>>> print(open('start.txt').read())   # compact mmCIF, C-alpha atoms and all ligand atoms
# COMPACT_ATOMS: atom_id res chain seq x y z
CA MET D 1 -26.27 -1.22 2.36
CA ARG D 2 -25.47 -4.74 1.35
CA PHE D 3 -21.81 -4.48 0.52
CA THR D 4 -19.62 -5.60 3.37
CA GLU D 5 -16.27 -4.94 4.94
CA PRO D 6 -13.15 -6.94 4.00
CA ALA D 7 -13.01 -10.50 5.22
CA GLY D 8 -11.54 -10.59 8.71
CA TRP D 9 -12.69 -7.08 9.55
CA VAL D 10 -14.17 -6.94 13.01
CA GLU D 11 -16.08 -4.11 14.52
CA VAL D 12 -14.05 -3.84 17.69
CA THR D 13 -11.71 -0.95 17.50
CA ALA D 14 -8.21 -2.11 16.97
CA LEU D 15 -7.10 0.90 19.03
CA ASN D 16 -8.65 -0.66 22.14
CA ASP D 17 -7.15 -4.02 21.27
CA ALA D 18 -3.68 -2.51 21.07
CA GLU D 19 -4.07 -0.81 24.45
CA ALA D 20 -5.45 -3.98 26.05
CA LEU D 21 -2.62 -6.08 24.65
CA PHE D 22 -0.09 -3.56 25.95
CA THR D 23 -1.60 -3.69 29.43
CA SER D 24 -1.82 -7.48 29.51
CA LEU D 25 1.85 -7.72 28.57
CA THR D 26 3.28 -5.00 30.80
CA GLY D 27 0.79 -4.58 33.63
CA ARG D 28 0.69 -0.84 33.02
CA GLY D 29 -1.05 1.57 30.65
CA ALA D 30 0.52 2.63 27.36
CA GLU D 31 2.08 6.10 27.15
CA GLY D 32 0.39 6.63 23.84
CA VAL D 33 -1.17 5.02 20.78
CA TRP D 34 -0.11 5.81 17.23
CA SER D 35 -1.59 4.54 13.99
CA SER D 36 -1.14 4.50 10.27
CA ALA D 37 -3.47 3.49 7.44
CA GLY D 38 -3.80 0.78 4.84
CA ARG D 39 -3.87 2.05 1.27
CA ALA D 40 -5.35 1.50 -2.16
CA ASN D 41 -4.16 2.83 -5.49
CA LEU D 42 -6.40 5.12 -7.52
CA ILE D 43 -4.22 5.10 -10.64
CA GLY D 44 -0.57 4.56 -11.62
CA GLU D 45 0.24 0.83 -11.79
CA HIS D 46 3.77 -0.57 -12.26
CA THR D 47 4.97 2.99 -12.75
CA ASP D 48 6.78 3.08 -9.39
CA TYR D 49 9.81 1.01 -10.37
CA ASN D 50 10.00 2.97 -13.62
CA GLU D 51 10.57 6.13 -11.57
CA GLY D 52 7.16 7.41 -12.64
CA PHE D 53 4.01 8.71 -10.98
CA VAL D 54 1.43 7.10 -8.69
CA LEU D 55 -1.76 8.36 -7.04
CA PRO D 56 -2.65 6.14 -4.07
CA PHE D 57 -4.76 6.99 -1.02
CA ALA D 58 -4.82 5.96 2.64
CA ILE D 59 -7.96 4.02 3.59
CA GLN D 60 -10.09 3.84 6.72
CA HIS D 61 -8.56 0.59 7.96
CA ARG D 62 -5.64 1.18 10.30
CA THR D 63 -2.91 -0.44 12.35
CA TYR D 64 -2.38 0.80 15.92
CA ALA D 65 0.76 0.67 18.04
CA ALA D 66 0.29 1.16 21.79
CA ALA D 67 3.70 1.91 23.23
CA GLY D 68 5.59 2.94 26.33
CA MET D 69 9.17 3.19 27.53
CA HIS D 70 10.88 1.12 30.21
CA ALA D 71 14.24 0.93 31.93
CA ASP D 72 15.57 -2.24 30.23
CA LEU D 73 17.69 -1.60 27.18
CA ALA D 74 15.47 -3.78 25.01
CA ILE D 75 12.60 -3.49 22.58
CA ARG D 76 9.65 -5.84 23.01
CA VAL D 77 6.99 -6.17 20.32
CA ALA D 78 3.75 -8.12 20.33
CA SER D 79 0.76 -8.23 18.01
CA THR D 80 -2.76 -9.54 18.39
CA PHE D 81 -1.70 -11.90 15.54
CA SER D 82 1.08 -13.27 17.66
CA PRO D 83 0.69 -12.23 21.29
CA ASP D 84 3.91 -13.82 22.56
CA PRO D 85 6.25 -10.87 22.74
CA VAL D 86 9.50 -10.89 20.79
CA GLU D 87 12.33 -9.20 22.67
CA VAL D 88 15.61 -7.92 21.30
CA ALA D 89 18.32 -5.92 23.09
CA LEU D 90 18.58 -2.46 21.54
CA ALA D 91 22.30 -2.99 21.06
CA GLU D 92 21.58 -6.09 18.95
CA LEU D 93 19.37 -4.42 16.35
CA GLU D 94 22.34 -3.46 14.21
CA THR D 95 23.82 -6.99 14.18
CA LEU D 96 20.41 -8.46 13.42
CA PHE D 97 19.54 -6.35 10.42
CA ALA D 98 22.71 -4.89 8.93
CA GLY D 99 23.59 -8.12 7.09
CA ALA D 100 22.09 -9.56 3.92
CA PRO D 101 18.47 -8.48 3.34
CA GLY D 102 16.06 -10.64 5.32
CA ALA D 103 18.87 -12.77 6.80
CA ALA D 104 17.55 -12.65 10.38
CA VAL D 105 14.16 -13.85 9.14
CA ALA D 106 15.59 -16.49 6.82
CA ASP D 107 17.73 -18.05 9.55
CA GLY D 108 14.86 -18.02 12.05
CA THR D 109 16.38 -15.52 14.51
CA VAL D 110 13.38 -13.18 14.17
CA PRO D 111 9.80 -14.24 13.30
CA GLU D 112 8.86 -12.64 10.00
CA TRP D 113 6.10 -10.43 11.38
CA ALA D 114 8.42 -9.07 14.12
CA ALA D 115 10.99 -8.00 11.53
CA TYR D 116 8.55 -5.23 10.49
CA PRO D 117 8.43 -3.40 13.85
CA LEU D 118 11.99 -4.33 14.89
CA GLY D 119 13.28 -3.36 11.45
CA VAL D 120 11.53 -0.01 11.81
CA ALA D 121 13.27 0.55 15.16
CA TRP D 122 16.63 -0.25 13.56
CA ALA D 123 16.05 1.93 10.49
CA ALA D 124 14.54 4.79 12.53
CA LEU D 125 17.63 4.98 14.73
CA ALA D 126 19.88 4.99 11.68
CA ALA D 127 17.78 7.66 9.91
CA SER D 128 17.93 9.96 12.92
CA GLY D 129 21.64 9.42 13.50
CA ARG D 130 21.00 8.18 17.04
CA SER D 131 22.66 5.14 18.50
CA ALA D 132 20.90 2.36 20.38
CA ALA D 133 22.79 3.46 23.50
CA ASP D 134 21.03 6.88 23.39
CA VAL D 135 17.43 5.68 23.69
CA PRO D 136 15.39 3.94 26.38
CA GLY D 137 13.84 0.50 26.03
CA VAL D 138 10.32 0.32 24.70
CA ASP D 139 7.31 -2.01 24.62
CA ILE D 140 5.03 -1.96 21.58
CA ALA D 141 1.69 -3.76 21.23
CA ILE D 142 0.10 -3.86 17.79
CA ALA D 143 -3.46 -4.42 16.62
CA SER D 144 -4.95 -3.80 13.20
CA ASP D 145 -8.10 -3.86 11.14
CA VAL D 146 -6.23 -3.82 7.84
CA PRO D 147 -6.74 -7.21 6.19
CA VAL D 148 -3.37 -8.88 5.64
CA GLY D 149 -2.25 -9.81 2.15
CA ALA D 150 -5.41 -8.34 0.56
CA GLY D 151 -3.51 -5.74 -1.41
CA LEU D 152 -4.30 -3.02 1.14
CA SER D 153 -0.76 -2.81 2.51
CA SER D 154 -1.01 -3.99 6.08
CA SER D 155 2.79 -3.95 5.96
CA ALA D 156 3.06 -0.19 5.41
CA ALA D 157 0.43 0.37 8.10
CA ILE D 158 2.40 -1.51 10.77
CA GLU D 159 5.59 0.23 9.68
CA GLY D 160 3.99 3.69 9.83
CA ALA D 161 2.39 3.11 13.24
CA VAL D 162 5.62 1.85 14.79
CA ALA D 163 7.73 4.58 13.17
CA ALA D 164 5.40 7.24 14.56
CA ALA D 165 5.44 5.72 18.06
CA LEU D 166 9.24 5.57 18.16
CA ASN D 167 9.61 8.99 16.56
CA ASP D 168 7.68 10.51 19.46
CA LEU D 169 8.93 8.34 22.32
CA TRP D 170 12.57 8.50 21.25
CA GLN D 171 12.26 12.10 20.01
CA LEU D 172 13.92 11.23 16.72
CA GLY D 173 12.70 14.29 14.81
CA LEU D 174 11.79 12.33 11.66
CA SER D 175 9.52 13.96 9.07
CA PRO D 176 6.61 12.00 7.56
CA LEU D 177 8.68 11.32 4.44
CA ASP D 178 11.59 10.18 6.63
CA MET D 179 9.23 7.76 8.34
CA ALA D 180 8.11 6.43 4.95
CA LYS D 181 11.76 5.83 4.02
CA VAL D 182 12.30 4.09 7.37
CA GLY D 183 9.35 1.79 6.66
CA ARG D 184 10.64 0.98 3.22
CA ARG D 185 14.12 0.23 4.54
CA ALA D 186 12.72 -2.06 7.23
CA GLU D 187 10.70 -3.93 4.63
CA ASN D 188 13.56 -4.16 2.11
CA GLU D 189 16.43 -4.92 4.45
CA ALA D 190 15.04 -6.34 7.71
CA VAL D 191 12.14 -8.34 6.24
CA GLY D 192 13.81 -8.87 2.87
CA ALA D 193 10.89 -7.83 0.64
CA PRO D 194 12.10 -5.74 -2.33
CA THR D 195 9.24 -3.23 -2.51
CA GLY D 196 9.05 0.44 -3.50
CA ILE D 197 8.11 3.39 -1.31
CA MET D 198 4.58 3.99 -2.60
CA ASP D 199 2.87 1.99 0.14
CA GLN D 200 4.60 3.80 2.98
CA VAL D 201 4.08 7.24 1.45
CA SER D 202 0.37 6.63 0.98
CA SER D 203 -0.09 5.04 4.41
CA ILE D 204 1.70 7.85 6.22
CA LEU D 205 0.95 11.01 4.22
CA GLY D 206 -2.74 10.35 3.49
CA ARG D 207 -5.44 12.96 4.17
CA ALA D 208 -9.21 12.60 4.41
CA ASP D 209 -10.91 12.72 0.98
CA ALA D 210 -7.57 13.11 -0.77
CA ALA D 211 -5.05 11.01 -2.65
CA THR D 212 -1.27 11.38 -2.49
CA PHE D 213 0.57 12.13 -5.70
CA LEU D 214 4.08 10.70 -5.59
CA ASP D 215 6.87 11.23 -8.07
CA CYS D 216 8.83 8.02 -7.55
CA ARG D 217 12.03 9.57 -8.95
CA THR D 218 12.23 12.78 -6.94
CA LEU D 219 10.02 11.59 -4.04
CA GLU D 220 8.08 14.84 -4.38
CA THR D 221 4.68 14.31 -2.82
CA ARG D 222 1.50 16.34 -3.08
CA SER D 223 -1.90 15.88 -1.48
CA VAL D 224 -4.61 15.92 -4.16
CA ASP D 225 -8.21 16.65 -3.16
CA LEU D 226 -10.65 14.03 -4.40
CA GLY D 227 -13.91 15.81 -3.57
CA LEU D 228 -15.80 12.53 -3.19
CA GLU D 229 -17.83 13.72 -0.21
CA ARG D 230 -18.83 16.95 -1.91
CA GLU D 231 -19.91 15.08 -5.03
CA GLY D 232 -21.65 12.20 -3.26
CA LEU D 233 -19.31 9.59 -4.72
CA ILE D 234 -17.85 6.42 -3.25
CA LEU D 235 -14.90 4.21 -4.14
CA LEU D 236 -15.95 0.58 -4.10
CA ALA D 237 -13.31 -2.13 -4.04
CA ILE D 238 -14.31 -5.45 -5.58
CA ASP D 239 -12.04 -8.24 -4.38
CA THR D 240 -12.10 -11.00 -6.99
CA LYS D 241 -10.69 -13.47 -4.43
CA VAL D 242 -8.35 -14.64 -7.16
CA GLU D 243 -4.96 -15.38 -5.63
CA HIS D 244 -1.99 -13.81 -7.33
CA ALA D 245 -0.84 -17.17 -8.76
CA HIS D 246 1.59 -15.68 -11.29
CA ALA D 247 2.18 -12.51 -9.34
CA SER D 248 5.86 -12.84 -8.51
CA GLY D 249 6.92 -14.36 -11.85
CA GLY D 250 4.73 -11.88 -13.73
CA TYR D 251 6.12 -8.98 -11.74
CA ARG D 252 9.72 -10.00 -12.46
CA ASP D 253 8.92 -10.48 -16.12
CA ARG D 254 7.22 -7.05 -16.46
CA ARG D 255 10.05 -5.36 -14.63
CA ALA D 256 12.58 -7.00 -16.92
CA ALA D 257 10.59 -5.91 -20.00
CA CYS D 258 10.58 -2.32 -18.76
CA GLU D 259 14.34 -2.41 -18.19
CA ARG D 260 14.86 -3.94 -21.63
CA GLY D 261 12.72 -1.25 -23.24
CA ALA D 262 14.50 1.58 -21.47
CA ALA D 263 17.92 0.18 -22.39
CA ALA D 264 16.94 -0.27 -26.07
CA LEU D 265 15.63 3.29 -26.19
CA GLY D 266 18.70 4.67 -24.45
CA VAL D 267 17.02 6.18 -21.39
CA PRO D 268 17.78 5.56 -17.69
CA SER D 269 14.16 4.60 -17.06
CA LEU D 270 10.81 4.68 -18.86
CA ARG D 271 10.01 7.81 -16.86
CA ASP D 272 12.20 9.64 -19.36
CA LEU D 273 9.85 8.89 -22.28
CA THR D 274 6.64 10.65 -23.31
CA GLU D 275 3.90 9.68 -25.72
CA ALA D 276 5.85 11.53 -28.43
CA ASP D 277 8.53 8.80 -28.18
CA LEU D 278 6.15 5.93 -28.85
CA ASP D 279 6.51 5.93 -32.65
CA ARG D 280 10.24 5.49 -32.31
CA ALA D 281 9.69 2.83 -29.66
CA ARG D 282 7.42 0.90 -32.00
CA ASP D 283 10.14 0.89 -34.70
CA ILE D 284 12.88 -0.32 -32.37
CA LEU D 285 11.16 -2.75 -30.00
CA ASP D 286 9.52 -6.12 -30.48
CA ASP D 287 5.75 -6.03 -30.13
CA VAL D 288 5.55 -7.32 -26.54
CA THR D 289 8.24 -5.00 -25.20
CA PHE D 290 6.65 -2.10 -27.08
CA ARG D 291 3.30 -2.73 -25.45
CA ARG D 292 4.89 -2.98 -21.99
CA VAL D 293 6.60 0.36 -22.63
CA ARG D 294 3.42 1.93 -23.98
CA HIS D 295 1.56 1.00 -20.80
CA ILE D 296 4.13 2.72 -18.59
CA VAL D 297 4.39 5.82 -20.76
CA THR D 298 0.62 6.26 -21.11
CA GLU D 299 -0.03 5.36 -17.46
CA ASN D 300 2.37 8.06 -16.29
CA GLN D 301 0.50 10.55 -18.45
CA ARG D 302 -2.84 9.31 -17.10
CA VAL D 303 -1.68 9.92 -13.52
CA LEU D 304 -0.76 13.51 -14.42
CA ASP D 305 -4.04 13.90 -16.32
CA THR D 306 -5.98 12.54 -13.34
CA VAL D 307 -4.41 15.13 -11.04
CA ASP D 308 -5.31 17.88 -13.53
CA ALA D 309 -8.83 16.55 -14.10
CA LEU D 310 -9.51 16.40 -10.36
CA ALA D 311 -8.45 20.02 -10.00
CA SER D 312 -10.36 21.34 -12.98
CA GLY D 313 -13.39 19.06 -13.22
CA GLY D 314 -13.65 17.16 -9.93
CA PRO D 315 -13.91 13.41 -9.46
CA ARG D 316 -16.57 12.87 -12.13
CA ALA D 317 -13.98 13.96 -14.69
CA ILE D 318 -11.62 11.03 -14.05
CA GLY D 319 -13.86 8.13 -15.10
CA ASP D 320 -12.45 7.80 -18.61
CA LEU D 321 -8.88 7.85 -17.31
CA LEU D 322 -9.65 4.97 -14.93
CA VAL D 323 -11.21 2.99 -17.77
CA ALA D 324 -8.28 3.70 -20.10
CA SER D 325 -5.87 2.61 -17.37
CA HIS D 326 -7.65 -0.71 -17.05
CA ALA D 327 -7.60 -1.27 -20.82
CA SER D 328 -3.88 -0.55 -20.88
CA MET D 329 -3.20 -3.06 -18.10
CA ARG D 330 -5.42 -5.64 -19.78
CA ASP D 331 -4.18 -5.25 -23.37
CA ASP D 332 -0.68 -3.77 -23.20
CA PHE D 333 0.77 -4.81 -19.85
CA GLU D 334 -1.31 -8.02 -19.75
CA ILE D 335 -1.59 -8.23 -15.98
CA SER D 336 -5.37 -8.50 -15.70
CA VAL D 337 -7.32 -11.75 -15.33
CA PRO D 338 -10.86 -12.53 -16.59
CA GLU D 339 -12.29 -12.02 -13.09
CA LEU D 340 -10.85 -8.48 -12.90
CA ASP D 341 -12.15 -7.67 -16.39
CA THR D 342 -15.55 -9.03 -15.39
CA ALA D 343 -15.63 -6.87 -12.25
CA VAL D 344 -14.68 -3.75 -14.21
CA ASP D 345 -17.13 -4.41 -17.05
CA ALA D 346 -19.98 -5.21 -14.67
CA ALA D 347 -19.31 -2.08 -12.60
CA LEU D 348 -19.31 0.13 -15.70
CA ALA D 349 -22.44 -1.53 -17.10
CA ALA D 350 -24.18 -0.87 -13.76
CA GLY D 351 -23.36 2.83 -13.99
CA ALA D 352 -19.95 3.25 -12.36
CA ILE D 353 -18.26 6.48 -13.45
CA GLY D 354 -14.98 4.62 -13.86
CA ALA D 355 -13.37 1.35 -12.82
CA ARG D 356 -10.02 -0.35 -13.07
CA MET D 357 -8.03 -3.17 -11.56
CA THR D 358 -5.76 -1.95 -8.79
CA GLY D 359 -2.50 -3.35 -7.48
CA GLY D 360 0.11 -5.53 -9.14
CA GLY D 361 -2.31 -7.66 -11.11
CA PHE D 362 -2.89 -11.38 -11.78
CA GLY D 363 -5.74 -11.25 -9.25
CA GLY D 364 -6.67 -9.03 -6.34
CA SER D 365 -9.16 -6.22 -6.50
CA ALA D 366 -10.78 -3.77 -8.88
CA VAL D 367 -11.82 -0.33 -7.72
CA ALA D 368 -14.90 1.46 -9.03
CA LEU D 369 -15.92 5.11 -8.67
CA VAL D 370 -19.67 5.14 -8.11
CA GLU D 371 -22.55 7.38 -7.09
CA ALA D 372 -23.31 6.77 -3.41
CA ASP D 373 -26.83 5.60 -4.27
CA ALA D 374 -25.52 3.17 -6.91
CA VAL D 375 -23.16 1.25 -4.63
CA ASP D 376 -25.54 -1.64 -4.04
CA ALA D 377 -26.41 -1.87 -7.74
CA VAL D 378 -22.74 -2.02 -8.72
CA ALA D 379 -21.89 -4.60 -6.04
CA ASP D 380 -24.88 -6.70 -7.09
CA ALA D 381 -23.97 -6.43 -10.77
CA ALA D 382 -20.47 -7.69 -10.06
CA ALA D 383 -21.84 -10.58 -7.98
CA ARG D 384 -24.30 -11.53 -10.74
CA ALA D 385 -21.65 -11.35 -13.46
CA PHE D 386 -19.34 -13.60 -11.41
CA ALA D 387 -22.13 -16.09 -10.76
CA ALA D 388 -23.04 -16.18 -14.44
CA ARG D 389 -19.47 -17.13 -15.34
CA GLY D 390 -19.15 -19.67 -12.56
CA TYR D 391 -16.58 -17.63 -10.58
CA ALA D 392 -16.52 -17.69 -6.77
CA ALA D 393 -18.45 -14.75 -5.31
CA PRO D 394 -16.48 -11.48 -5.21
CA HIS D 395 -16.32 -9.34 -2.09
CA ALA D 396 -17.24 -5.67 -2.42
CA PHE D 397 -16.33 -3.10 0.22
CA THR D 398 -15.92 0.65 0.35
CA VAL D 399 -12.49 2.24 0.58
CA VAL D 400 -12.70 5.69 2.15
CA PRO D 401 -9.76 8.04 1.48
CA SER D 402 -8.60 8.79 5.01
CA GLU D 403 -5.88 10.44 7.03
CA GLY D 404 -2.48 8.81 7.29
CA VAL D 405 -0.25 8.57 10.31
CA ARG D 406 -1.49 10.11 13.56
CA ARG D 407 -1.33 9.93 17.32
CA ASP D 408 -4.61 8.59 18.70
CA ALA D 409 -4.04 8.66 22.43
P1 LIG D 501 0.10 -6.56 2.54
O1 LIG D 501 -0.38 -6.51 1.12
O2 LIG D 501 -1.04 -6.72 3.49
O3 LIG D 501 1.01 -5.42 2.88
P2 LIG D 501 2.52 -8.01 2.96
O4 LIG D 501 2.91 -9.41 2.68
O5 LIG D 501 3.28 -6.91 2.34
O6 LIG D 501 0.96 -7.90 2.63
O7 LIG D 501 2.59 -7.77 4.54
C1 LIG D 501 1.88 -8.61 5.40
C2 LIG D 501 2.77 -9.00 6.57
O8 LIG D 501 2.98 -7.86 7.41
C3 LIG D 501 2.13 -10.02 7.47
O9 LIG D 501 2.33 -11.33 6.98
C4 LIG D 501 2.86 -9.77 8.78
O10 LIG D 501 4.14 -10.35 8.75
C5 LIG D 501 3.03 -8.27 8.76
N1 LIG D 501 1.91 -7.61 9.46
C6 LIG D 501 0.98 -6.80 8.93
N2 LIG D 501 0.11 -6.37 9.87
C7 LIG D 501 0.48 -6.93 11.02
C8 LIG D 501 -0.03 -6.91 12.37
N3 LIG D 501 -1.11 -6.21 12.69
N4 LIG D 501 0.63 -7.64 13.30
C9 LIG D 501 1.72 -8.35 12.98
N5 LIG D 501 2.24 -8.41 11.75
C10 LIG D 501 1.63 -7.74 10.77
MG MG D 502 2.80 -5.02 1.82
>>> encode(input="start.txt", output="structure tokens", more="lines below")
Ligand code: ADP
Ligand code: MG
Amino acid sequence: MRFTEPAGWVEVTALNDAEALFTSLTGRGAEGVWSSAGRANLIGEHTDYNEGFVLPFAIQHRTYAAAGMHADLAIRVASTFSPDPVEVALAELETLFAGAPGAAVADGTVPEWAAYPLGVAWAALAASGRSAADVPGVDIAIASDVPVGAGLSSSAAIEGAVAAALNDLWQLGLSPLDMAKVGRRAENEAVGAPTGIMDQVSSILGRADAATFLDCRTLETRSVDLGLEREGLILLAIDTKVEHAHASGGYRDRRAACERGAAALGVPSLRDLTEADLDRARDILDDVTFRRVRHIVTENQRVLDTVDALASGGPRAIGDLLVASHASMRDDFEISVPELDTAVDAALAAGAIGARMTGGGFGGSAVALVEADAVDAVADAAARAFAARGYAAPHAFTVVPSEGVRRDA
């Protein structure tokens, strides 16, 4: 097949790299290796901060943490990205991270990447009610084949892997959902990135050939069978290579519009509206705010419909929902870009069952649901359509719904 893996992907198992890094740093073998997955979103975009529904899945690319305990009361972390270990006394974790979000990163006390694993250690202790004085020191070596910053959530993968390692070594008794909350807290408070919990839930709770339904209000989760293998279907990601130039401003603006809409309609969040409320919304709201609201309300319904359609009709039954989701993001939420529209249109014209942009928008990737024997045709069609418009070549790669957190060794 001619489609390729994400840029930076190397066919050396990251598991071995993590073990080798651990040994080179400590001179001994790791006590175990734990890993968690990257993720992609099947449907449900910008619904998370509106307390709505999302349907992401863990992918085959993973981050591994090789770990072992030692007698010093310190935690040492290293990554193949940054092999010089960063060491912090266990007793200092609280002082480092309990202040303003991201303060230890902003003032240079902790390198940004190390705030992910160290923040997980801090949040995991807090979540389990244990104190730093109760647990032994630990070394953690990290390696990954999740491309960073490609919209596949390398951050949730490192958080999940480290949370799982510490949960076992420190016997913290955290559930998978607890570990997801720990990851989110590390990212929000230790790193200082104000993100939701979808990434961690999908990274940790994923199952092979399944997606994870998440109700972002109640945090109810449910594994939803996709049936791709049975049906001979593949999910193909098409990375447009467009950088998210307006991503942070656009995100803030869309979030503000959603809050404005909810306030004007007198509900705590847009989650509390259904399609039956849209006529009233149209009367009350200005056109732009109305369309932002309509995206969220219809997208929530599409997530629920996708779950139902998968159960009753299998994966071939969700194509129209994916297409409608893309149209809603393009026309109502206005977060697509011409390259994403081109990728989606080309995929559909080449026979994809469904396709939509995925992620926050303003660039990034589209995802297409295709027959296994049509993967090359769809990837080629996208490449041709990009070339015809003078866009830089897109990068197509399969995303395989895979298991979430696990112990590997
Ligand atoms: P993504 O979309 O990939 O999650 P983020 O900006 O949320 O992008 O997270 C990426 C950051 O997570 C990296 O810049 C780095 O700080 C950290 N990170 C992810 N994977 C690793 C790794 N294997 N080793 C060290 N740091 C990592
Ligand atoms: Mg991330």
>>> closest_residue(input="start.txt", among="D:Ala388, D:Leu73, D:Val400, D:Ala157", to="ligand LIG 501 (chain D)", atoms="all atoms listed in the file")
D:Ala157
>>> residues_around(input="start.txt", residues="segment 227-229 of chain D", least_positions_apart="3", cutoff="7 Å", atoms="all atoms listed in the file", output="list in words")
Asp209, Gly232, Leu233, Ile234, Gly314 and Pro315 of chain D
>>> residues_near_ligand(input="start.txt", ligand="ligand LIG 501 (chain D)", cutoff="8 Å", atoms="all atoms listed in the file", output="ChimeraX atom specification")
/D:63-64,78-82,112-116,142-158,193
>>> closest_residue(input="start.txt", among="D:Ala186, D:Ala387, D:Ala377, D:Val33", to="ligand MG 502 (chain D)", atoms="all atoms listed in the file")
D:Ala186
>>> closest_residue(input="start.txt", among="D:Met198, D:Ala106, D:Ala71, D:Leu25", to="ligand MG 502 (chain D)", atoms="only C-alpha atoms and all ligand atoms")
D:Met198
>>> closest_residue(input="start.txt", among="D:Gln200, D:Ser223, D:Asn300, D:Gln60", to="ligand MG 502 (chain D)", atoms="only C-alpha atoms and all ligand atoms")
D:Gln200
>>> closest_residue(input="start.txt", among="D:Asp199, D:Glu339, D:Asp253, D:Glu92", to="ligand MG 502 (chain D)", atoms="all atoms listed in the file")
D:Asp199
>>> closest_residue(input="start.txt", among="D:Leu278, D:Ile335, D:Val378, D:Ile197", to="Leu219 of chain D", atoms="all atoms listed in the file")
D:Ile197
>>> residues_near_point(input="start.txt", point="(3.6, -12.3, -12.7)", cutoff="12 Å", atoms="all atoms listed in the file", output="MDAnalysis selection string")
chainID D and resid 46 243:257 333:337 360:363
>>> residues_around(input="start.txt", residues="Val88 of chain D", least_positions_apart="6", cutoff="9 Å", atoms="only C-alpha atoms", output="mmCIF file with C-alpha atoms, in the frame of the given file")
data_model
loop_
_atom_site.group_PDB
_atom_site.id
_atom_site.type_symbol
_atom_site.label_atom_id
_atom_site.label_comp_id
_atom_site.auth_asym_id
_atom_site.auth_seq_id
_atom_site.Cartn_x
_atom_site.Cartn_y
_atom_site.Cartn_z
ATOM 1 C CA LEU D 73 17.690 -1.600 27.180
ATOM 2 C CA ALA D 74 15.470 -3.780 25.010
ATOM 3 C CA ILE D 75 12.600 -3.490 22.580
ATOM 4 C CA ARG D 76 9.650 -5.840 23.010
ATOM 5 C CA VAL D 77 6.990 -6.170 20.320
ATOM 6 C CA LEU D 118 11.990 -4.330 14.890
#
>>> atom_distance(input="start.txt", atom1="atom CA of Ser128 of chain D", atom2="atom CA of Asp48 of chain D")
25.9 Å
>>> residues_around(input="start.txt", residues="Ala98 of chain D", least_positions_apart="5", cutoff="9 Å", atoms="all atoms listed in the file", output="list in words")
Leu93, Trp122, Glu189 and Ala190 of chain D
>>> atom_distance(input="start.txt", atom1="atom CA of Glu403 of chain D", atom2="atom CA of Asp178 of chain D")
17.5 Å
>>> residues_around(input="start.txt", residues="Cys216 of chain D", least_positions_apart="2", cutoff="9 Å", atoms="all atoms listed in the file", output="PyMOL selection string")
chain D and resi 47-54+196-198+214+218-221
>>> write_last_selection(input="start.txt", atoms="C-alpha atoms", output="short mmCIF file (atom, residue, chain, number, x, y, z; two decimals), keeping the file's coordinate frame")
data_model
loop_
_atom_site.label_atom_id
_atom_site.label_comp_id
_atom_site.auth_asym_id
_atom_site.auth_seq_id
_atom_site.Cartn_x
_atom_site.Cartn_y
_atom_site.Cartn_z
CA THR D 47 4.97 2.99 -12.75
CA ASP D 48 6.78 3.08 -9.39
CA TYR D 49 9.81 1.01 -10.37
CA ASN D 50 10.00 2.97 -13.62
CA GLU D 51 10.57 6.13 -11.57
CA GLY D 52 7.16 7.41 -12.64
CA PHE D 53 4.01 8.71 -10.98
CA VAL D 54 1.43 7.10 -8.69
CA GLY D 196 9.05 0.44 -3.50
CA ILE D 197 8.11 3.39 -1.31
CA MET D 198 4.58 3.99 -2.60
CA LEU D 214 4.08 10.70 -5.59
CA THR D 218 12.23 12.78 -6.94
CA LEU D 219 10.02 11.59 -4.04
CA GLU D 220 8.08 14.84 -4.38
CA THR D 221 4.68 14.31 -2.82
#
>>> atom_distance(input="start.txt", atom1="atom CA of Leu166 of chain D", atom2="atom CA of Ala124 of chain D")
7.8 Å
>>> residues_around(input="start.txt", residues="Arg356 of chain D", least_positions_apart="3", cutoff="7 Å", atoms="only C-alpha atoms", output="ChimeraX atom specification")
/D:322-323,325-326,344,366-368
>>> residues_near_point(input="start.txt", point="(13.8, 11.6, 13.0)", cutoff="10 Å", atoms="all atoms listed in the file", output="list of chain:residue names")
D:Ala124, D:Leu125, D:Ala126, D:Ala127, D:Ser128, D:Gly129, D:Arg130, D:Ala163, D:Ala164, D:Leu166, D:Asn167, D:Asp168, D:Trp170, D:Gln171, D:Leu172, D:Gly173, D:Leu174, D:Ser175, D:Pro176, D:Leu177, D:Asp178, D:Met179, D:Val182
>>> write_last_selection(input="start.txt", atoms="C-alpha atoms", output="CSV table (one decimal), in the coordinates of the input")
chain,number,residue,atom,x,y,z
D,124,ALA,CA,14.5,4.8,12.5
D,125,LEU,CA,17.6,5.0,14.7
D,126,ALA,CA,19.9,5.0,11.7
D,127,ALA,CA,17.8,7.7,9.9
D,128,SER,CA,17.9,10.0,12.9
D,129,GLY,CA,21.6,9.4,13.5
D,130,ARG,CA,21.0,8.2,17.0
D,163,ALA,CA,7.7,4.6,13.2
D,164,ALA,CA,5.4,7.2,14.6
D,166,LEU,CA,9.2,5.6,18.2
D,167,ASN,CA,9.6,9.0,16.6
D,168,ASP,CA,7.7,10.5,19.5
D,170,TRP,CA,12.6,8.5,21.2
D,171,GLN,CA,12.3,12.1,20.0
D,172,LEU,CA,13.9,11.2,16.7
D,173,GLY,CA,12.7,14.3,14.8
D,174,LEU,CA,11.8,12.3,11.7
D,175,SER,CA,9.5,14.0,9.1
D,176,PRO,CA,6.6,12.0,7.6
D,177,LEU,CA,8.7,11.3,4.4
D,178,ASP,CA,11.6,10.2,6.6
D,179,MET,CA,9.2,7.8,8.3
D,182,VAL,CA,12.3,4.1,7.4
